[in-house]
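Visitor: Dropping in run.txt, with compact mmCIF, C-alpha atoms and all ligand atoms.
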```txt
# COMPACT_ATOMS: atom_id res chain seq x y z
CA MET S 900 10.00 -9.50 11.95
CA ALA S 901 11.41 -11.55 9.09
CA ASP S 902 11.52 -9.90 5.68
CA ARG S 903 9.86 -12.93 4.08
CA GLU S 904 6.77 -14.63 5.34
CA SER S 905 4.42 -17.25 3.84
CA THR S 906 0.65 -16.95 4.17
CA ALA S 907 -2.15 -19.36 3.31
CA VAL S 908 -2.81 -17.86 -0.11
CA GLY S 909 0.54 -16.23 -0.82
CA TYR S 910 3.33 -14.47 1.01
CA ARG S 911 4.47 -11.08 2.28
CA LEU S 912 7.62 -9.00 2.09
CA ARG S 913 8.31 -6.72 5.05
CA MET S 914 11.74 -5.17 4.55
CA GLN S 915 11.87 -1.41 5.04
CA PRO S 916 14.40 1.37 5.63
CA PRO S 917 15.15 1.95 9.32
CA ASP S 918 13.75 5.50 9.20
CA LEU S 919 10.47 4.64 7.44
CA SER S 920 8.62 4.51 10.74
CA THR S 921 9.23 8.24 11.18
CA TYR S 922 7.30 9.06 7.98
CA PRO S 923 3.59 9.60 7.46
CA ASP S 924 1.40 6.77 6.18
CA ALA S 925 1.40 8.06 2.60
CA VAL S 926 5.16 7.61 2.47
CA LYS S 927 5.01 4.14 4.04
CA LEU S 928 2.48 3.17 1.43
CA GLN S 929 4.72 4.55 -1.30
CA TRP S 930 7.60 2.39 -0.03
CA PHE S 931 5.52 -0.77 -0.03
CA GLU S 932 4.14 0.08 -3.48
CA TRP S 933 7.75 0.02 -4.68
CA VAL S 934 8.33 -3.29 -2.92
CA THR S 935 5.13 -4.66 -4.46
CA GLU S 936 6.04 -3.59 -7.96
CA LEU S 937 9.65 -4.79 -7.71
CA GLY S 938 8.56 -7.94 -5.89
CA LEU S 939 6.18 -8.86 -8.72
CA GLU S 940 8.82 -8.17 -11.33
CA GLN S 941 11.33 -10.40 -9.51
CA LYS S 942 8.88 -13.19 -8.71
CA LEU S 943 7.84 -13.41 -12.36
CA ARG S 944 11.52 -13.69 -13.28
CA GLU S 945 11.93 -16.50 -10.75
CA LEU S 946 8.80 -18.34 -11.87
CA ARG S 947 9.95 -18.05 -15.46
CA LYS S 948 13.14 -19.86 -14.41
CA GLY S 949 11.19 -22.48 -12.53
CA TRP S 950 12.50 -21.47 -9.11
CA ASP S 951 10.84 -22.32 -5.83
CA LYS S 952 10.76 -19.95 -2.83
CA ASN S 953 14.36 -20.83 -2.00
CA GLY S 954 15.68 -20.18 -5.49
CA LYS S 955 15.95 -23.92 -6.18
CA THR S 956 14.79 -25.77 -9.26
CA HIS S 957 13.41 -29.28 -9.20
CA ARG S 958 14.03 -31.16 -12.39
CA LEU S 959 10.99 -32.44 -14.17
CA LYS S 960 10.95 -36.16 -14.87
CA PRO S 961 10.93 -37.11 -18.57
CA ARG S 962 7.50 -38.64 -18.07
CA THR S 963 6.15 -35.37 -16.66
CA ILE S 964 7.53 -33.50 -19.63
CA LYS S 965 5.85 -35.92 -22.02
CA TYR S 966 2.42 -35.54 -20.39
CA ARG S 967 2.63 -31.86 -19.55
CA LYS S 968 -0.49 -29.93 -20.13
CA SER S 969 -1.80 -26.49 -19.49
CA GLU S 970 -5.36 -25.35 -19.06
CA VAL S 971 -4.67 -21.89 -20.32
CA GLY S 972 -2.41 -21.81 -23.35
CA PRO S 973 -0.11 -23.67 -25.72
CA VAL S 974 2.26 -25.94 -23.82
CA HIS S 975 6.01 -25.57 -24.13
CA LYS S 976 7.32 -29.04 -23.32
CA ARG S 977 10.64 -27.76 -22.08
CA ALA S 978 9.34 -24.80 -20.12
CA PRO S 979 10.43 -24.74 -16.48
CA ARG S 980 8.39 -26.41 -13.76
CA GLY S 981 5.09 -24.73 -13.01
CA VAL S 982 4.95 -22.61 -16.13
CA PRO S 983 4.06 -24.97 -19.00
CA ALA S 984 2.42 -22.15 -20.91
CA LEU S 985 5.19 -19.73 -19.93
CA ASP S 986 3.95 -16.20 -19.21
CA VAL S 987 0.26 -17.05 -19.54
CA SER S 988 0.61 -19.92 -17.03
CA ARG S 989 -1.66 -19.33 -14.09
CA VAL S 990 1.14 -19.24 -11.52
CA MET S 991 2.31 -16.10 -13.27
CA ALA S 992 -0.89 -14.63 -14.65
CA LEU S 993 -2.81 -14.91 -11.37
CA LEU S 994 -0.07 -13.53 -9.16
CA THR S 995 -1.20 -10.27 -7.63
CA GLY S 996 0.31 -7.78 -5.20
CA ARG S 997 -0.90 -5.06 -2.91
CA ALA S 998 0.87 -2.55 -0.70
CA HIS S 999 0.01 -2.18 2.97
CA LEU S 1000 1.47 0.17 5.56
CA SER S 1001 3.86 -2.46 6.91
CA SER S 1002 4.17 -5.05 4.17
CA ALA S 1003 3.78 -5.90 0.52
CA GLU S 1004 1.33 -8.76 0.10
CA PHE S 1005 1.39 -11.22 -2.79
CA TRP S 1006 -1.22 -13.84 -3.53
CA TRP S 1007 -2.70 -15.87 -6.34
CA GLY S 1008 -6.11 -14.89 -7.55
CA PHE S 1009 -9.25 -16.84 -8.21
CA ASP S 1010 -8.70 -19.51 -10.84
CA SER S 1011 -11.53 -19.88 -13.33
CA VAL S 1012 -10.35 -23.38 -14.25
CA THR S 1013 -10.68 -24.91 -10.76
CA GLY S 1014 -13.05 -22.35 -9.28
CA ARG S 1015 -10.72 -21.86 -6.33
CA SER S 1016 -7.76 -19.73 -5.47
CA PHE S 1017 -4.88 -20.91 -7.56
CA ALA S 1018 -3.01 -21.16 -4.27
CA ALA S 1019 -4.81 -24.48 -3.73
CA ILE S 1020 -2.93 -25.96 -6.69
CA LEU S 1021 0.28 -24.39 -5.49
CA HIS S 1022 -0.14 -26.05 -2.10
CA TYR S 1023 -0.43 -29.32 -3.94
CA TRP S 1024 2.85 -28.62 -5.72
CA ALA S 1025 4.49 -27.88 -2.40
CA ASP S 1026 3.12 -30.85 -0.45
CA ASP S 1027 3.16 -33.47 -3.15
CA GLN S 1028 6.11 -32.45 -5.30
CA GLY S 1029 8.28 -30.47 -2.90
CA HIS S 1030 8.12 -27.40 -5.11
CA ASP S 1031 7.05 -24.56 -2.83
CA VAL S 1032 6.60 -21.17 -4.49
CA PHE S 1033 5.09 -19.36 -1.47
CA GLY S 1034 7.78 -16.75 -1.18
CA LEU S 1035 10.50 -14.85 -2.94
CA SER S 1036 13.99 -16.36 -2.99
CA PRO S 1037 16.58 -14.93 -0.58
CA GLN S 1038 18.60 -13.56 -3.52
CA GLY S 1039 15.42 -12.11 -5.06
CA THR S 1040 14.53 -10.54 -1.72
CA GLY S 1041 18.00 -9.01 -1.64
CA TRP S 1042 17.53 -7.60 -5.13
CA VAL S 1043 14.13 -6.10 -4.29
CA THR S 1044 15.56 -4.55 -1.12
CA ALA S 1045 18.50 -3.03 -2.98
CA GLU S 1046 16.34 -1.65 -5.81
CA ALA S 1047 13.75 -0.24 -3.44
CA MET S 1048 16.52 1.39 -1.38
CA LYS S 1049 17.81 3.04 -4.56
CA LYS S 1050 14.36 4.47 -5.19
CA TRP S 1051 14.22 5.57 -1.57
CA ALA S 1052 17.56 7.37 -1.92
CA ALA S 1053 16.49 8.95 -5.20
CA TRP S 1054 13.20 10.07 -3.73
CA LYS S 1055 14.94 11.61 -0.75
CA ALA S 1056 17.58 13.24 -2.93
CA ALA S 1057 14.86 14.71 -5.13
CA GLY S 1058 13.23 16.29 -2.10
CA GLY S 1059 10.31 13.90 -2.35
CA TYR S 1060 9.07 14.80 1.10
CA THR S 1061 7.98 18.16 -0.26
CA ARG S 1062 5.24 16.44 -2.22
CA PRO S 1063 1.57 16.92 -1.57
CA ALA S 1064 1.27 13.62 0.24
CA VAL S 1065 3.32 15.14 3.02
CA SER S 1066 2.88 18.83 2.43
CA PRO S 1067 -0.61 19.26 1.01
CA VAL S 1068 -1.41 21.96 -1.49
CA GLY S 1069 -4.46 24.11 -1.38
CA LYS S 1070 -2.92 26.97 0.55
CA SER S 1071 -2.69 30.39 -1.05
CA PHE S 1072 0.21 31.15 -3.32
CA SER S 1073 1.89 34.51 -3.38
CA LYS S 1074 2.32 36.05 -6.80
CA ILE S 1075 5.75 36.97 -7.97
CA ALA S 1076 7.00 38.49 -11.17
CA VAL S 1077 6.85 36.27 -14.23
CA LEU S 1078 10.06 34.36 -14.58
CA LYS S 1079 12.56 35.72 -17.03
CA PRO S 1080 13.28 33.52 -20.03
CA VAL S 1081 16.58 31.74 -20.02
CA THR S 1082 19.36 33.61 -21.76
CA GLU S 1083 21.44 31.72 -24.20
CA ILE S 1084 24.95 31.40 -22.93
CA LYS S 1085 26.07 28.33 -24.79
CA GLY S 1086 29.15 28.91 -26.84
CA ARG S 1087 30.01 32.32 -25.51
CA LEU S 1088 31.52 33.54 -22.36
CA ASP S 1089 29.44 36.29 -20.91
CA ILE S 1090 30.74 37.37 -17.59
CA ARG S 1091 27.45 39.04 -16.78
CA ASN S 1092 25.91 35.60 -16.87
CA MET S 1093 28.62 34.01 -14.82
CA VAL S 1094 28.96 34.15 -11.12
CA VAL S 1095 32.39 35.27 -10.15
CA SER S 1096 33.96 36.04 -6.88
CA GLY S 1097 34.63 39.73 -7.06
CA GLY S 1098 32.92 42.61 -8.86
CA GLU S 1099 32.53 42.59 -12.63
CA SER S 1100 34.44 45.78 -13.20
CA GLN S 1101 37.31 44.52 -11.07
CA ILE S 1102 37.45 41.36 -13.11
CA GLU S 1103 37.27 43.20 -16.43
CA LYS S 1104 40.15 45.35 -15.27
CA ALA S 1105 42.07 42.30 -14.12
CA ILE S 1106 41.60 40.66 -17.51
CA GLU S 1107 42.84 43.79 -19.25
CA ALA S 1108 45.80 43.97 -16.95
CA GLY S 1109 46.55 40.29 -17.54
CA ARG S 1110 46.14 39.48 -13.90
CA PHE S 1111 42.89 37.57 -14.04
CA PRO S 1112 43.43 33.97 -12.94
CA GLY S 1113 40.77 32.63 -15.27
CA PHE S 1114 37.40 31.20 -14.65
CA ARG S 1115 37.87 28.40 -12.23
CA ARG S 1116 35.13 25.91 -12.18
CA LEU S 1117 33.93 22.62 -10.95
CA ASN S 1118 35.49 19.62 -12.60
CA MET S 1119 33.45 16.71 -13.90
CA ARG S 1120 33.13 15.19 -10.48
CA GLY S 1121 31.70 18.39 -9.13
CA GLU S 1122 34.73 19.11 -6.98
CA GLN S 1123 36.98 22.05 -7.14
CA TRP S 1124 38.94 22.79 -10.23
CA LYS S 1125 42.54 21.65 -10.13
CA PRO S 1126 44.80 23.84 -12.25
CA GLN S 1127 46.90 21.78 -14.64
CA ASN S 1128 49.81 24.12 -14.84
CA ASN S 1129 51.58 26.44 -12.54
CA MET S 1130 52.17 29.45 -14.75
CA PRO S 1131 52.84 32.32 -12.46
CA GLY S 1132 50.51 35.27 -12.61
CA ILE S 1133 48.09 34.10 -15.25
CA ARG S 1134 46.53 30.91 -16.42
CA PRO S 1135 44.89 30.38 -19.77
CA MET S 1136 41.17 30.95 -19.73
CA ARG S 1137 39.37 27.68 -19.98
CA ARG S 1138 35.99 27.38 -21.54
CA ALA S 1139 33.36 24.81 -20.84
CA PRO S 1140 32.95 22.62 -23.90
CA GLU S 1141 29.19 22.58 -23.80
CA SER S 1142 27.67 24.11 -20.75
CA PRO S 1143 27.25 27.13 -18.60
CA VAL S 1144 29.39 26.16 -15.69
CA THR S 1145 29.71 27.96 -12.47
CA PRO S 1146 33.24 28.89 -11.55
CA ALA S 1147 34.36 27.80 -8.15
CA SER S 1148 37.18 28.98 -6.04
CA VAL S 1149 39.88 26.43 -5.47
CA LYS S 1150 39.29 26.19 -1.76
CA MET S 1151 35.62 26.47 -1.01
CA THR S 1152 33.80 26.10 2.22
CA PRO S 1153 30.36 24.49 1.97
CA THR S 1154 28.88 27.94 2.63
CA ALA S 1155 30.73 29.54 -0.27
CA ARG S 1156 29.96 26.62 -2.57
CA VAL S 1157 26.24 26.67 -1.88
CA GLN S 1158 26.03 30.46 -2.01
CA GLU S 1159 27.71 30.36 -5.39
CA LEU S 1160 25.25 27.80 -6.74
CA SER S 1161 22.40 29.88 -5.42
CA ASP S 1162 23.75 33.05 -7.04
CA TYR S 1163 24.30 31.19 -10.29
CA THR S 1164 20.67 30.05 -10.26
CA THR S 1165 19.39 33.58 -9.80
CA LYS S 1166 21.76 35.36 -12.13
CA THR S 1167 21.69 32.89 -14.99
CA PHE S 1168 18.08 31.81 -14.89
CA GLY S 1169 16.35 34.69 -13.16
CA ILE S 1170 14.82 32.50 -10.51
CA PRO S 1171 14.85 33.69 -6.91
CA SER S 1172 17.19 31.48 -4.93
CA HIS S 1173 18.11 31.48 -1.27
CA VAL S 1174 20.48 29.63 1.00
CA LEU S 1175 19.00 28.38 4.25
CA ASP S 1176 20.42 26.49 7.16
CA THR S 1177 18.79 23.20 8.01
CA ALA S 1178 16.43 24.78 10.54
CA GLY S 1179 15.14 27.24 7.95
CA PHE S 1180 15.00 24.60 5.25
CA THR S 1181 13.10 22.06 7.32
CA SER S 1182 10.57 24.62 8.54
CA ARG S 1183 9.96 25.74 4.95
CA PHE S 1184 9.51 22.28 3.48
CA GLN S 1185 8.28 20.34 6.48
CA GLY S 1186 8.90 16.63 6.28
CA ALA S 1187 10.97 13.95 7.89
CA ALA S 1188 14.57 13.66 6.64
CA ILE S 1189 14.26 16.93 4.74
CA ASP S 1190 17.46 17.88 6.58
CA LYS S 1191 19.41 15.74 4.09
CA ALA S 1192 18.04 17.38 0.93
CA ARG S 1193 20.39 19.48 -1.19
CA ALA S 1194 17.91 21.96 -2.56
CA ALA S 1195 14.25 22.24 -3.42
CA TYR S 1196 11.88 24.36 -5.45
CA ASP S 1197 8.97 25.81 -3.52
CA PRO S 1198 5.92 26.50 -5.71
CA LYS S 1199 4.40 28.64 -2.95
CA THR S 1200 7.06 31.33 -3.28
CA ARG S 1201 8.29 30.19 -6.71
CA ALA S 1202 11.83 30.24 -5.42
CA ILE S 1203 14.62 27.71 -5.01
CA TYR S 1204 16.06 27.07 -1.58
CA TRP S 1205 19.43 25.49 -0.84
CA ASN S 1206 20.02 23.46 2.28
CA LEU S 1207 23.36 24.64 3.56
CA ASN S 1208 23.74 21.76 5.99
CA SER S 1209 22.91 18.95 3.59
CA PRO S 1210 25.62 16.27 3.98
CA ALA S 1211 26.10 16.54 0.20
CA TRP S 1212 27.95 19.82 0.53
CA GLU S 1213 30.47 18.52 3.03
CA ASN S 1214 32.05 16.24 0.49
CA PRO S 1215 30.49 16.88 -2.92
CA ALA S 1216 33.04 14.78 -4.80
CA LYS S 1217 32.13 11.68 -2.84
CA HIS S 1218 28.43 12.45 -2.77
CA PHE S 1219 28.09 13.05 -6.51
CA GLU S 1220 30.33 10.14 -7.42
CA THR S 1221 27.84 7.90 -5.64
CA GLN S 1222 24.99 9.64 -7.46
CA ARG S 1223 26.78 9.06 -10.76
CA LYS S 1224 27.42 5.37 -10.08
CA GLU S 1225 23.81 4.82 -9.13
CA LYS S 1226 22.66 6.71 -12.25
CA LEU S 1227 20.42 8.77 -10.00
CA LEU S 1228 20.76 12.04 -11.85
CA VAL S 1229 21.14 13.01 -15.48
CA ASP S 1230 23.89 15.42 -14.40
CA PRO S 1231 25.42 14.29 -11.10
CA ARG S 1232 27.26 17.49 -10.32
CA PRO S 1233 26.41 20.40 -8.04
CA ILE S 1234 25.51 22.47 -11.08
CA GLY S 1235 23.25 19.65 -12.19
CA VAL S 1236 21.28 20.12 -8.97
CA ALA S 1237 20.88 23.80 -9.83
CA HIS S 1238 19.64 22.97 -13.33
CA HIS S 1239 17.32 20.29 -11.98
CA GLU S 1240 15.64 22.72 -9.57
CA VAL S 1241 15.48 25.33 -12.32
CA GLY S 1242 13.72 22.67 -14.39
CA HIS S 1243 11.01 22.42 -11.73
CA ALA S 1244 10.69 26.21 -11.57
CA LEU S 1245 10.43 26.59 -15.35
CA LEU S 1246 7.88 23.79 -15.57
CA HIS S 1247 5.76 25.57 -12.98
CA ALA S 1248 6.16 28.88 -14.83
CA GLU S 1249 5.20 27.27 -18.15
CA LEU S 1250 2.10 25.61 -16.66
CA ILE S 1251 1.09 28.97 -15.16
CA ARG S 1252 1.62 30.59 -18.57
CA ARG S 1253 -0.59 27.98 -20.20
CA HIS S 1254 -3.30 27.63 -17.58
CA GLY S 1255 -3.08 30.49 -15.10
CA LEU S 1256 -1.71 30.44 -11.57
CA GLU S 1257 -4.26 28.25 -9.85
CA GLU S 1258 -4.80 25.64 -12.55
CA GLY S 1259 -1.10 25.68 -13.49
CA THR S 1260 -0.10 25.04 -9.90
CA LYS S 1261 -2.63 22.25 -9.57
CA ARG S 1262 -1.24 20.63 -12.70
CA TYR S 1263 2.28 21.03 -11.35
CA TRP S 1264 1.35 18.95 -8.29
CA ASP S 1265 -0.60 16.47 -10.40
CA LEU S 1266 2.59 15.74 -12.34
CA ALA S 1267 4.38 15.07 -9.05
CA ARG S 1268 1.75 12.45 -8.25
CA ASP S 1269 1.93 10.79 -11.66
CA GLU S 1270 4.47 8.02 -11.12
CA PHE S 1271 4.21 6.33 -14.54
CA LYS S 1272 2.20 3.65 -12.73
CA THR S 1273 0.19 2.66 -15.79
CA GLU S 1274 3.18 3.03 -18.09
CA ILE S 1275 5.64 0.54 -16.65
CA LEU S 1276 7.28 -0.27 -19.99
CA LEU S 1277 7.65 3.39 -20.88
CA ARG S 1278 9.18 3.94 -17.45
CA LEU S 1279 11.74 1.18 -17.89
CA GLN S 1280 12.60 2.43 -21.36
CA PHE S 1281 12.95 6.05 -20.21
CA LYS S 1282 14.94 5.06 -17.12
CA LYS S 1283 17.68 3.64 -19.34
CA LYS S 1284 17.78 6.81 -21.44
CA THR S 1285 17.59 9.30 -18.58
CA SER S 1286 18.02 8.64 -14.85
CA ARG S 1287 16.41 7.01 -11.85
CA VAL S 1288 15.13 10.30 -10.53
CA ALA S 1289 13.64 11.09 -13.95
CA VAL S 1290 11.20 8.19 -13.70
CA LEU S 1291 10.12 8.77 -10.09
CA ASP S 1292 7.26 10.87 -11.38
CA LYS S 1293 6.49 13.17 -14.33
CA ASN S 1294 7.45 16.33 -12.49
CA GLU S 1295 10.90 14.87 -11.77
CA PHE S 1296 11.03 13.71 -15.39
CA VAL S 1297 10.72 17.27 -16.68
CA ALA S 1298 13.29 18.59 -14.17
CA GLU S 1299 15.80 15.90 -15.14
CA ILE S 1300 15.38 16.27 -18.90
CA TYR S 1301 15.76 20.02 -18.52
CA SER S 1302 19.03 19.49 -16.61
CA GLY S 1303 20.23 17.39 -19.54
CA LEU S 1304 19.07 19.73 -22.32
CA VAL S 1305 20.68 22.73 -20.67
CA ILE S 1306 24.11 21.11 -20.95
CA GLY S 1307 23.49 19.99 -24.50
CA ARG S 1308 22.36 16.40 -24.02
CA THR S 1309 20.20 14.97 -26.75
CA TYR S 1310 17.23 12.68 -26.22
CA PRO S 1311 15.18 10.38 -28.43
CA ALA S 1312 12.06 11.88 -30.02
CA GLU S 1313 9.70 9.98 -27.71
CA VAL S 1314 11.39 11.40 -24.61
CA LEU S 1315 11.19 14.95 -25.97
CA ALA S 1316 7.59 14.47 -27.09
CA LEU S 1317 6.54 13.65 -23.53
CA TYR S 1318 8.72 16.45 -22.18
CA ASP S 1319 7.03 19.03 -24.43
CA GLU S 1320 3.58 17.69 -23.75
CA LEU S 1321 4.03 17.91 -19.99
CA GLY S 1322 5.16 21.52 -20.13
CA GLY S 1323 8.92 21.22 -20.34
CA VAL S 1324 10.64 24.18 -22.00
CA ARG S 1325 13.59 24.08 -24.35
CA PRO S 1326 16.50 25.96 -22.79
CA TRP S 1327 17.53 27.89 -25.86
CA SER S 1328 14.38 28.29 -27.83
CA PRO S 1329 13.15 31.89 -27.89
ZN ZN S 1401 13.28 17.25 -8.30
```
Would you kindly transcribe this structure into structure tokens?
Ligand SMILES: [Zn+2]

Guide:
Amino acid sequence: MADRESTAVGYRLRMQPPDLSTYPDAVKLQWFEWVTELGLEQKLRELRKGWDKNGKTHRLKPRTIKYRKSEVGPVHKRAPRGVPALDVSRVMALLTGRAHLSSAEFWWGFDSVTGRSFAAILHYWADDQGHDVFGLSPQGTGWVTAEAMKKWAAWKAAGGYTRPAVSPVGKSFSKIAVLKPVTEIKGRLDIRNMVVSGGESQIEKAIEAGRFPGFRRLNMRGEQWKPQNNMPGIRPMRRAPESPVTPASVKMTPTARVQELSDYTTKTFGIPSHVLDTAGFTSRFQGAAIDKARAAYDPKTRAIYWNLNSPAWENPAKHFETQRKEKLLVDPRPIGVAHHEVGHALLHAELIRRHGLEEGTKRYWDLARDEFKTEILLRLQFKKKTSRVAVLDKNEFVAEIYSGLVIGRTYPAEVLALYDELGGVRPWSP
């Protein structure tokens, strides 16, 4: 079926990811809500420019400009065709959208001036003046598809399929020990807080003996550390400028890499963390395409699970470079994933502290359902200052801001105000 389709009172958009059909209805609806929202945003842009459904403009004759009128607001003589009163013009103000399971539907509402659907006037434009607005332009359709696919990728990367829509809450939750507060490790090198390959005492001895090769770690792209010199025997110890950074061996298998991240999560933040293969991971989180997820926090056990067979771990440099380019994550590195999941865990712990286990857990899921729907401007503003994943919903927002704060990022007061209000914790406050 074509992506674009005209109807009597409006038009529909039908593009969707190839795997959407394998998801439950709630997820299909979510996709077409994105298409609806983006489709409205784009169509308003096109109407503002005076475009028709093919992205073409039709010049207004001087006489038309002279006698232009609007029933709804002050007329701007030079405004594009169809929108004499600019944003309050009916073609824009009456445009409405709704998500269905297999399409996003757009139509023009009832017009109080003519007493009919405003589409009647738009049909007149199309038939009489050759200016047909019943559809989104091909380039606009391309933009909506690309933006929606980015949200789709972000949602998948954030383990969106673990949400209540797919994996309902209401089951019993096992109690575990209250999470330990985060220890401050900024600005000092505490090997008890670092994950190292080899026992602590061995390493301490090696340092004393001058044989310790230094803390190797992930570079900015999340790949293995490349030593910059070839001093035999010993290399200078390098310190992270701002963050607790997990050291990584130079040659790491995906298994070693993921195990190290998992150990780092437990040892540094005191949150239970486990590595699972895809079979274990998918049975724990249950949901289509969960096999691609990198890691996820499970409120039922209050532990973080790592998906050993996520494609991300096969080539982290490539994977996280894409994440960085797409501005998906505040910290697009493997360690950023650890901090992000820790952010979820600490949010849950804080909500439990404030409201008790049951109510705290309920609020945790409520935040995952709160997609900034009624705060579109706030969402756009915060997206620029944070990441795409951060504005998927308020639970992701807290996890992302935490992953930024823990490496010393600063945020505007309004971002932090929301973060605190929602239950976000400051990494180094007592
Ligand atoms: Zn998340």

Visitor: Given the choices S:Gly1307, S:Gly1039, S:Gly909, S:Pro1198, which gets closest to S:His1022 if the distance is worked out from all atoms listed in the file?

Guide: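 Once distances to S:His1022 are computed over all atoms listed in the file, the minimum belongs to S:Gly909.
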
Visitor: Considering only C-alpha atoms and all ligand atoms, give me a table of residues in chain S that are at most 9 Å from ligand ZN 1401 (chain S), with the closest atom pair and distance in Å for each, as CSV.

Guide:
```
residue,atom,partner,partner_atom,distance
S:Trp1054,CA,S:ZN1401,ZN,8.5
S:Ala1056,CA,S:ZN1401,ZN,8.0
S:Ala1057,CA,S:ZN1401,ZN,4.4
S:Gly1058,CA,S:ZN1401,ZN,6.3
S:Gly1059,CA,S:ZN1401,ZN,7.4
S:Ala1194,CA,S:ZN1401,ZN,8.8
S:Ala1195,CA,S:ZN1401,ZN,7.0
S:Tyr1196,CA,S:ZN1401,ZN,7.8
S:Val1236,CA,S:ZN1401,ZN,8.5
S:His1239,CA,S:ZN1401,ZN,6.3
S:Glu1240,CA,S:ZN1401,ZN,6.1
S:Gly1242,CA,S:ZN1401,ZN,8.2
S:His1243,CA,S:ZN1401,ZN,6.6
S:Val1288,CA,S:ZN1401,ZN,7.5
S:Ala1289,CA,S:ZN1401,ZN,8.4
S:Asn1294,CA,S:ZN1401,ZN,7.2
S:Glu1295,CA,S:ZN1401,ZN,4.8
S:Phe1296,CA,S:ZN1401,ZN,8.2
S:Val1297,CA,S:ZN1401,ZN,8.8
S:Ala1298,CA,S:ZN1401,ZN,6.0
S:Glu1299,CA,S:ZN1401,ZN,7.4
```

Visitor: For the atom pair atom CA of S:Lys1283 and atom CA of S:Pro1231, what is the interatomic distance in Å to one decimal place?

Guide: 15.5 Å

Visitor: Between atom CA of S:Ser1286 and atom CA of S:Glu1213, what is the distance in Å, rounded to a tenth?

Guide: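 According to the coordinates, atom CA of S:Ser1286 and atom CA of S:Glu1213 are separated by 23.9 Å.
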
Visitor: So which residues touch S:Ala1178 within 12 Å, counting only C-alpha atoms, skipping near sequence neighbours fewer than 3 positions away, as a PyMOL selection string?

Guide: chain S and resi 1174-1175+1181-1186+1188-1191+1205-1209

Visitor: Go ahead and fit an axis-aligned box to every listed atom of stretch 1214-1218 of chain S plus 6 Å each side, and pass me the centre and edge lengths in Å, one decimal, as lines of an AutoDock Vina configuration file.

Guide:
```
center_x = 30.7
center_y = 14.3
center_z = -2.2
size_x = 16.6
size_y = 17.2
size_z = 17.3
```

Visitor: Mind pulling up the distance from atom CA of S:Lys1055 to atom CA of S:Tyr922?

Guide: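 According to the coordinates, atom CA of S:Tyr922 and atom CA of S:Lys1055 are separated by 11.9 Å.
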
Visitor: Hey, what's within 6 Å of S:Asp1292 if we count all atoms listed in the file and toss same-chain stuff fewer than 3 positions away? As a PyMOL selection string, please?

Guide: chain S and resi 1267+1269-1270+1295

Visitor: Using all atoms listed in the file, can you tell me which of S:Gly1322, S:Lys1293, S:Ile1170, S:Ala1316 comes closest to S:His1254?

Guide: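 Residue with the minimum atom-to-atom distance to S:His1254: S:Gly1322.
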
Visitor: Looking at only C-alpha atoms, which of S:Ser1016, S:Gln1028, S:Ser988, S:Ser1036 is the one that sits closest to S:Ser905?

Guide: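 Looking only at the distances to S:Ser905, the closest residue turns out to be S:Ser1036.
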
Visitor: Considering all atoms listed in the file, state which residue in the set S:Thr1152, S:Tyr1204, S:Ile964, S:Arg1268 is at the smallest distance from S:Gly1179.

Guide: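 Checking each of S:Thr1152, S:Tyr1204, S:Ile964, S:Arg1268 against S:Gly1179, counting all atoms listed in the file, the winner is S:Tyr1204.
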
Visitor: Between S:Val908, S:Ala1244, S:Leu1291, S:Ala1053, which has the minimum distance to S:Arg1193 (counting all atoms listed in the file)?

Guide: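 Closest candidate: S:Ala1053.
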
Visitor: From the set S:Ala1018, S:Ile1275, S:Ala1248, S:Leu1035, which residue has the shortest atom-to-atom contact distance to S:Ala907, counting only C-alpha atoms?

Guide: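 Ranked by minimum distance to S:Ala907, first place goes to S:Ala1018.
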